[in-house]
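Participant: Please see the structure below; I have some questions.
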Amino acid sequence: MKPSPEQLTRLKAYYEAKLFGQVEINAVKHKVQDGRGVFVLLDARDRESFLAGHIRGALSVPLDQAAEAVKILAGDRQYVTYCWSHT
């Protein structure tokens with residue numbers, strides 16, 4: 001079955017966004033490994049998972065507490081969040 005022009009447009013947008021996300025993930029990964037990150041890493045997993053192991057320098061901000069954390073995080077910093085999966 002051949003996709004319609006509308007479906008093709010949506011698929012193209014989806015895969016472009018996914019590719020952009022992958023490039024961003026890899027850029028962050030390399031900056032963290034090289035110690036060049038000028039951002040703050042936020043671990044969005046539950047506190048227990050964070051305590052079991054996390055990226056060095058990351059702050060624990062469980063997803064269910066993110067709305068409150070936004071109120072106190074500095075507005076002039078760049079934040080990168082991570083959790084169990086990047087998809």
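Numbering starts fresh at 1 for the residues of each chain in the structure tokens, the chains themselves are lettered A, B, ... in the order given, and ligands are numbered from 1 as they appear.
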Neighbouring residues of region 68-84 of chain A were defined as those with any atom within 6 Å, considering only C-alpha atoms; residues of the same chain fewer than 4 positions away were excluded. Please report them as a ChimeraX atom specification.
Facilitator: /A:39-45
Participant: I'd like to know which residues of region 3-86 of chain A are strand (DSSP E) (by DSSP, run on the backbone); could you write them as a list in words?
Facilitator: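 Result set for region 3-86 of chain A (strand (DSSP E)): Val40, Leu41, Leu42, Asp43, Leu59, Ser60, Tyr79, Val80, Thr81 and Tyr82 of chain A.
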Participant: Going by DSSP on the backbone, which residues of region 2-87 of chain A come out as alpha helix (DSSP H)? List them as a ChimeraX atom specification.
Facilitator: /A:5-34,47-52,66-72
Participant: Just the number, please: distance in Å from CA of Val28 (chain A) to CA of Phe50 (chain A), one decimal.
Facilitator: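 Computed distance, CA of Val28 (chain A) to CA of Phe50 (chain A), equals 18.8 Å.
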Participant: Please indicate the distance in Å from CA of Gly57 (chain A) to CA of Val32 (chain A), rounded to one decimal place.
Facilitator: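 Computing the Euclidean distance for CA of Gly57 (chain A) and CA of Val32 (chain A) yields 9.4 Å.
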Participant: Which of these, A:Asp64, A:Glu16, A:Ala58, A:His30, has the shortest distance to Asp46 (chain A) once you count only C-alpha atoms?
Facilitator: A:Asp64
